[in-house]
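J.: Input protein.pdb, format and content: PDB, C-alpha atoms, pLDDT in the B column.
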```pdb
ATOM      1  CA  MET O   9      18.171 -11.331   7.315  1.00 76.00           C
ATOM      2  CA  ASN O  10      17.957 -14.976   6.375  1.00 82.00           C
ATOM      3  CA  PRO O  11      16.374 -15.411   2.908  1.00 88.00           C
ATOM      4  CA  SER O  12      15.537 -19.044   3.674  1.00 90.00           C
ATOM      5  CA  LEU O  13      13.076 -17.742   6.291  1.00 93.00           C
ATOM      6  CA  ILE O  14      10.946 -15.914   3.702  1.00 96.00           C
ATOM      7  CA  ASN O  15       7.569 -17.600   3.341  1.00 96.00           C
ATOM      8  CA  TRP O  16       6.746 -16.987  -0.325  1.00 97.00           C
ATOM      9  CA  ALA O  17       3.120 -18.061   0.067  1.00 98.00           C
ATOM     10  CA  ALA O  18       2.769 -15.396   2.776  1.00 98.00           C
ATOM     11  CA  VAL O  19       4.408 -12.861   0.434  1.00 98.00           C
ATOM     12  CA  ILE O  20       1.792 -13.594  -2.241  1.00 98.00           C
ATOM     13  CA  VAL O  21      -1.081 -13.380   0.248  1.00 98.00           C
ATOM     14  CA  ALA O  22       0.349 -10.147   1.683  1.00 98.00           C
ATOM     15  CA  ALA O  23       0.562  -8.691  -1.834  1.00 98.00           C
ATOM     16  CA  LEU O  24      -3.022  -9.738  -2.554  1.00 97.00           C
ATOM     17  CA  SER O  25      -4.130  -8.093   0.688  1.00 98.00           C
ATOM     18  CA  ALA O  26      -3.142  -4.737  -0.834  1.00 96.00           C
ATOM     19  CA  PHE O  27      -5.798  -5.343  -3.522  1.00 91.00           C
ATOM     20  CA  LEU O  28      -8.400  -6.053  -0.853  1.00 95.00           C
ATOM     21  CA  VAL O  29      -7.505  -2.937   1.121  1.00 97.00           C
ATOM     22  CA  GLY O  30      -7.353  -0.832  -2.061  1.00 96.00           C
ATOM     23  CA  GLY O  31     -10.694  -2.140  -3.272  1.00 93.00           C
ATOM     24  CA  ILE O  32     -12.328  -1.032  -0.039  1.00 97.00           C
ATOM     25  CA  TRP O  33     -10.251   2.137   0.501  1.00 97.00           C
ATOM     26  CA  TYR O  34     -10.837   3.579  -2.960  1.00 96.00           C
ATOM     27  CA  SER O  35     -14.489   2.466  -3.184  1.00 95.00           C
ATOM     28  CA  PRO O  36     -17.482   4.806  -2.954  1.00 94.00           C
ATOM     29  CA  VAL O  37     -18.046   3.436   0.560  1.00 96.00           C
ATOM     30  CA  LEU O  38     -14.876   5.177   1.739  1.00 98.00           C
ATOM     31  CA  PHE O  39     -12.774   7.598  -0.315  1.00 98.00           C
ATOM     32  CA  ALA O  40     -13.560   7.188  -4.049  1.00 95.00           C
ATOM     33  CA  ASN O  41     -15.529  10.392  -4.437  1.00 95.00           C
ATOM     34  CA  ALA O  42     -12.999  12.541  -2.565  1.00 97.00           C
ATOM     35  CA  TRP O  43     -10.083  10.893  -4.402  1.00 95.00           C
ATOM     36  CA  ILE O  44     -11.706  11.479  -7.798  1.00 94.00           C
ATOM     37  CA  ALA O  45     -12.541  15.096  -6.962  1.00 95.00           C
ATOM     38  CA  ASP O  46      -9.126  15.970  -5.525  1.00 96.00           C
ATOM     39  CA  ASN O  47      -7.374  14.416  -8.537  1.00 94.00           C
ATOM     40  CA  LYS O  48      -9.655  16.450 -10.823  1.00 92.00           C
ATOM     41  CA  LEU O  49     -10.821  13.278 -12.570  1.00 91.00           C
ATOM     42  CA  ASN O  50     -14.249  12.110 -13.613  1.00 88.00           C
ATOM     43  CA  THR O  51     -15.771   8.696 -14.174  1.00 83.00           C
ATOM     44  CA  ASP O  52     -15.154   8.958 -17.938  1.00 85.00           C
ATOM     45  CA  ASP O  53     -11.428   9.424 -17.275  1.00 81.00           C
ATOM     46  CA  LEU O  54     -11.429   6.317 -15.120  1.00 81.00           C
ATOM     47  CA  LYS O  55     -13.412   4.271 -17.642  1.00 80.00           C
ATOM     48  CA  ALA O  56     -10.984   5.255 -20.410  1.00 84.00           C
ATOM     49  CA  SER O  57      -7.919   4.218 -18.421  1.00 83.00           C
ATOM     50  CA  SER O  58      -6.190   0.897 -19.040  1.00 80.00           C
ATOM     51  CA  LYS O  59      -7.392  -1.506 -16.338  1.00 77.00           C
ATOM     52  CA  LEU O  60      -4.830  -4.099 -17.402  1.00 83.00           C
ATOM     53  CA  ARG O  61      -1.989  -1.611 -16.978  1.00 85.00           C
ATOM     54  CA  SER O  62      -3.290  -0.235 -13.676  1.00 85.00           C
ATOM     55  CA  PHE O  63      -4.094  -3.548 -12.016  1.00 85.00           C
ATOM     56  CA  GLY O  64      -1.161  -5.402 -13.587  1.00 92.00           C
ATOM     57  CA  MET O  65       1.395  -2.872 -12.393  1.00 94.00           C
ATOM     58  CA  THR O  66      -0.352  -2.657  -9.017  1.00 93.00           C
ATOM     59  CA  GLY O  67       0.066  -6.410  -8.662  1.00 94.00           C
ATOM     60  CA  ILE O  68       3.755  -6.247  -9.550  1.00 96.00           C
ATOM     61  CA  PHE O  69       4.464  -3.350  -7.195  1.00 96.00           C
ATOM     62  CA  SER O  70       2.455  -4.960  -4.375  1.00 97.00           C
ATOM     63  CA  LEU O  71       4.489  -8.129  -4.793  1.00 97.00           C
ATOM     64  CA  ILE O  72       7.728  -6.111  -4.678  1.00 97.00           C
ATOM     65  CA  MET O  73       6.560  -4.321  -1.531  1.00 97.00           C
ATOM     66  CA  ALA O  74       5.562  -7.569   0.190  1.00 98.00           C
ATOM     67  CA  ALA O  75       8.822  -9.298  -0.786  1.00 97.00           C
ATOM     68  CA  ASN O  76      10.867  -6.331   0.404  1.00 97.00           C
ATOM     69  CA  LEU O  77       9.047  -6.263   3.746  1.00 98.00           C
ATOM     70  CA  ALA O  78       9.452 -10.052   4.032  1.00 98.00           C
ATOM     71  CA  ALA O  79      13.202  -9.665   3.516  1.00 97.00           C
ATOM     72  CA  PHE O  80      13.382  -7.227   6.416  1.00 96.00           C
ATOM     73  CA  LEU O  81      11.331  -9.610   8.549  1.00 97.00           C
ATOM     74  CA  ALA O  82      13.330 -12.739   7.606  1.00 96.00           C
ATOM     75  CA  ASP O  83      14.448 -13.483  11.133  1.00 94.00           C
ATOM     76  CA  SER O  84      13.523 -16.378  13.388  1.00 92.00           C
ATOM     77  CA  LYS O  85      12.355 -13.926  16.082  1.00 94.00           C
ATOM     78  CA  THR O  86       9.737 -12.321  13.820  1.00 95.00           C
ATOM     79  CA  ASP O  87       6.180 -12.768  15.082  1.00 97.00           C
ATOM     80  CA  LEU O  88       2.781 -11.135  14.599  1.00 98.00           C
ATOM     81  CA  ALA O  89       3.614  -8.182  16.858  1.00 98.00           C
ATOM     82  CA  TRP O  90       6.947  -7.401  15.172  1.00 98.00           C
ATOM     83  CA  GLY O  91       5.542  -7.962  11.686  1.00 98.00           C
ATOM     84  CA  THR O  92       2.661  -5.582  12.361  1.00 98.00           C
ATOM     85  CA  THR O  93       5.007  -2.997  13.887  1.00 98.00           C
ATOM     86  CA  ALA O  94       7.462  -3.232  10.991  1.00 98.00           C
ATOM     87  CA  GLY O  95       4.613  -2.926   8.481  1.00 98.00           C
ATOM     88  CA  PHE O  96       3.293   0.131  10.316  1.00 98.00           C
ATOM     89  CA  LEU O  97       6.755   1.733  10.350  1.00 98.00           C
ATOM     90  CA  ALA O  98       7.160   1.020   6.626  1.00 98.00           C
ATOM     91  CA  GLY O  99       3.748   2.626   6.154  1.00 98.00           C
ATOM     92  CA  ILE O 100       4.901   5.763   7.990  1.00 98.00           C
ATOM     93  CA  TRP O 101       7.930   5.853   5.688  1.00 97.00           C
ATOM     94  CA  THR O 102       5.852   5.598   2.513  1.00 98.00           C
ATOM     95  CA  PHE O 103       3.205   7.978   3.869  1.00 98.00           C
ATOM     96  CA  SER O 104       5.985  10.533   4.320  1.00 98.00           C
ATOM     97  CA  ALA O 105       7.280   9.986   0.776  1.00 98.00           C
ATOM     98  CA  ILE O 106       3.765  10.359  -0.627  1.00 98.00           C
ATOM     99  CA  ALA O 107       3.293  13.557   1.394  1.00 98.00           C
ATOM    100  CA  ILE O 108       6.560  15.083   0.166  1.00 98.00           C
ATOM    101  CA  MET O 109       5.790  14.422  -3.507  1.00 98.00           C
ATOM    102  CA  SER O 110       2.174  15.514  -3.129  1.00 98.00           C
ATOM    103  CA  LEU O 111       3.108  18.809  -1.487  1.00 98.00           C
ATOM    104  CA  PHE O 112       5.278  19.728  -4.464  1.00 98.00           C
ATOM    105  CA  GLU O 113       2.472  18.622  -6.802  1.00 97.00           C
ATOM    106  CA  LEU O 114       0.175  21.022  -4.916  1.00 97.00           C
ATOM    107  CA  LYS O 115      -2.178  18.209  -3.893  1.00 97.00           C
ATOM    108  CA  SER O 116      -4.681  18.725  -1.098  1.00 97.00           C
ATOM    109  CA  TRP O 117      -4.079  17.504   2.427  1.00 98.00           C
ATOM    110  CA  ARG O 118      -7.188  15.380   2.047  1.00 98.00           C
ATOM    111  CA  LEU O 119      -5.628  13.574  -0.924  1.00 98.00           C
ATOM    112  CA  ILE O 120      -2.333  13.174   0.934  1.00 98.00           C
ATOM    113  CA  PHE O 121      -4.162  11.503   3.821  1.00 98.00           C
ATOM    114  CA  ILE O 122      -6.230   9.309   1.485  1.00 98.00           C
ATOM    115  CA  ASN O 123      -3.202   8.003  -0.448  1.00 98.00           C
ATOM    116  CA  GLY O 124      -0.846   7.958   2.518  1.00 98.00           C
ATOM    117  CA  GLY O 125      -3.484   6.304   4.682  1.00 98.00           C
ATOM    118  CA  TYR O 126      -3.896   3.524   2.135  1.00 98.00           C
ATOM    119  CA  SER O 127      -0.162   2.916   2.202  1.00 98.00           C
ATOM    120  CA  LEU O 128      -0.080   2.893   5.994  1.00 98.00           C
ATOM    121  CA  VAL O 129      -3.005   0.471   6.333  1.00 98.00           C
ATOM    122  CA  SER O 130      -1.923  -1.870   3.527  1.00 98.00           C
ATOM    123  CA  LEU O 131       1.678  -2.150   4.733  1.00 98.00           C
ATOM    124  CA  THR O 132       0.554  -2.707   8.324  1.00 98.00           C
ATOM    125  CA  LEU O 133      -1.659  -5.568   7.137  1.00 98.00           C
ATOM    126  CA  MET O 134       1.164  -6.958   4.981  1.00 98.00           C
ATOM    127  CA  GLY O 135       3.462  -6.929   7.996  1.00 98.00           C
ATOM    128  CA  ALA O 136       0.859  -8.676  10.130  1.00 98.00           C
ATOM    129  CA  ILE O 137       0.411 -11.412   7.522  1.00 98.00           C
ATOM    130  CA  LEU O 138       4.155 -11.888   7.084  1.00 98.00           C
ATOM    131  CA  GLY O 139       4.778 -11.868  10.830  1.00 98.00           C
ATOM    132  CA  ALA O 140       1.973 -14.265  11.698  1.00 97.00           C
ATOM    133  CA  TRP O 141       2.531 -16.729   8.856  1.00 94.00           C
ATOM    134  CA  ARG O 142       5.999 -18.027   9.602  1.00 80.00           C
TER     135      ARG O 142
END
```
In structure tokens, what does this structure look like?

T.:
Amino acid sequence: MNPSLINWAAVIVAALSAFLVGGIWYSPVLFANAWIADNKLNTDDLKASSKLRSFGMTGIFSLIMAANLAAFLADSKTDLAWGTTAGFLAGIWTFSAIAIMSLFELKSWRLIFINGGYSLVSLTLMGAILGAWR
């Protein structure tokens, strides 16, 4: 790893891409209704939640994830293909962690695949951005 090879603009864009993916993934077009049902929430619960806390912490954690992935990819040989592959492999890792915790929390397989799938897709996209934008 060579920290001087980290493109911080790409890290920020990669982190922002997680918001884009999440906005689509957890929208009514895709998985919002199933996610709400399997978490035993309702729209009032969601309206009462702190948007600043949720989105603020999501931004911080997305930035940490993108920076961490960028550190692993900080090599002159990194390209789009390797970045995408590394992001996908990181997604498999986090999908597995989500699955382990969710199984002990007695969550449904549907919820595991919704949350784990988001992680897999968002990290794959982050890796692609970081790999392509050198």

J.: Taking (11.1, -4.3, 2.4) in the file's coordinates as the center, which residues reach within 12 Å of it, counting only C-alpha atoms, put as a short mmCIF file (atom, residue, chain, number, x, y, z; two decimals) with C-alpha atoms, keeping the file's coordinate frame?

T.:
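As a result, selection.cif now contains:
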```cif
data_model
loop_
_atom_site.label_atom_id
_atom_site.label_comp_id
_atom_site.auth_asym_id
_atom_site.auth_seq_id
_atom_site.Cartn_x
_atom_site.Cartn_y
_atom_site.Cartn_z
CA MET O 9 18.17 -11.33 7.32
CA ILE O 14 10.95 -15.91 3.70
CA VAL O 19 4.41 -12.86 0.43
CA PHE O 69 4.46 -3.35 -7.20
CA SER O 70 2.46 -4.96 -4.38
CA LEU O 71 4.49 -8.13 -4.79
CA ILE O 72 7.73 -6.11 -4.68
CA MET O 73 6.56 -4.32 -1.53
CA ALA O 74 5.56 -7.57 0.19
CA ALA O 75 8.82 -9.30 -0.79
CA ASN O 76 10.87 -6.33 0.40
CA LEU O 77 9.05 -6.26 3.75
CA ALA O 78 9.45 -10.05 4.03
CA ALA O 79 13.20 -9.66 3.52
CA PHE O 80 13.38 -7.23 6.42
CA LEU O 81 11.33 -9.61 8.55
CA ALA O 82 13.33 -12.74 7.61
CA GLY O 91 5.54 -7.96 11.69
CA ALA O 94 7.46 -3.23 10.99
CA GLY O 95 4.61 -2.93 8.48
CA PHE O 96 3.29 0.13 10.32
CA LEU O 97 6.76 1.73 10.35
CA ALA O 98 7.16 1.02 6.63
CA GLY O 99 3.75 2.63 6.15
CA TRP O 101 7.93 5.85 5.69
CA THR O 102 5.85 5.60 2.51
CA LEU O 131 1.68 -2.15 4.73
CA MET O 134 1.16 -6.96 4.98
CA GLY O 135 3.46 -6.93 8.00
CA LEU O 138 4.16 -11.89 7.08
#
```

J.: What is the atom CA of O:Met65 to atom CA of O:Trp117 distance in Å?

T.: 25.8 Å

J.: Residue by residue, what does the PyMOL selection byres ((chain O and resi 122) around 12) grab here? Present the result as a PyMOL selection string.

T.: chain O and resi 30+33-35+38-44+46-47+103+106-107+110+115-121+123-129

J.: Please evaluate the PyMOL selection byres ((chain O and resi 88) around 8) against the displayed coordinates and give the resulting residues as a ChimeraX atom specification.

T.: /O:86-87,89-92,135-140

J.: Measure the distance from atom CA of O:Phe112 to atom CA of O:Ser57 in Å and round it to one decimal.

T.: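 Value for the atom CA of O:Phe112-atom CA of O:Ser57 distance: 24.7 Å.
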
J.: Can you work out the spacing between atom CA of O:Leu13 and atom CA of O:Thr132 in Å, to one decimal?

T.: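 Answer for the atom CA of O:Leu13 to atom CA of O:Thr132 separation: 19.7 Å.
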
J.: Go through O:Arg142, O:Leu49, O:Ser62, O:Asp83 one by one, measure the shortest atom-to-atom distance of each to O:Ala17 using all atoms listed in the file, and give the residue with the smallest value.

T.: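 Nearest candidate to O:Ala17 out of O:Arg142, O:Leu49, O:Ser62, O:Asp83: O:Arg142.
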
J.: Which is closest to O:Ile32 among O:Ser130, O:Asn50, O:Ile68, O:Ile20, if we use only C-alpha atoms?

T.: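 Looking only at the distances to O:Ile32, the closest residue turns out to be O:Ser130.
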
J.: Nearest residue to O:Phe63 out of O:Thr51, O:Val37, O:Ala45, O:Ala26, using all atoms listed in the file?

T.: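 Result for the nearest residue to O:Phe63: O:Ala26.
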
J.: I'd like to know which of O:Asp52, O:Leu114, O:Gly64, O:Ser84 is closest to O:Asn15, using all atoms listed in the file.

T.: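 Using all atoms listed in the file, O:Asn15 sits closest to O:Ser84.
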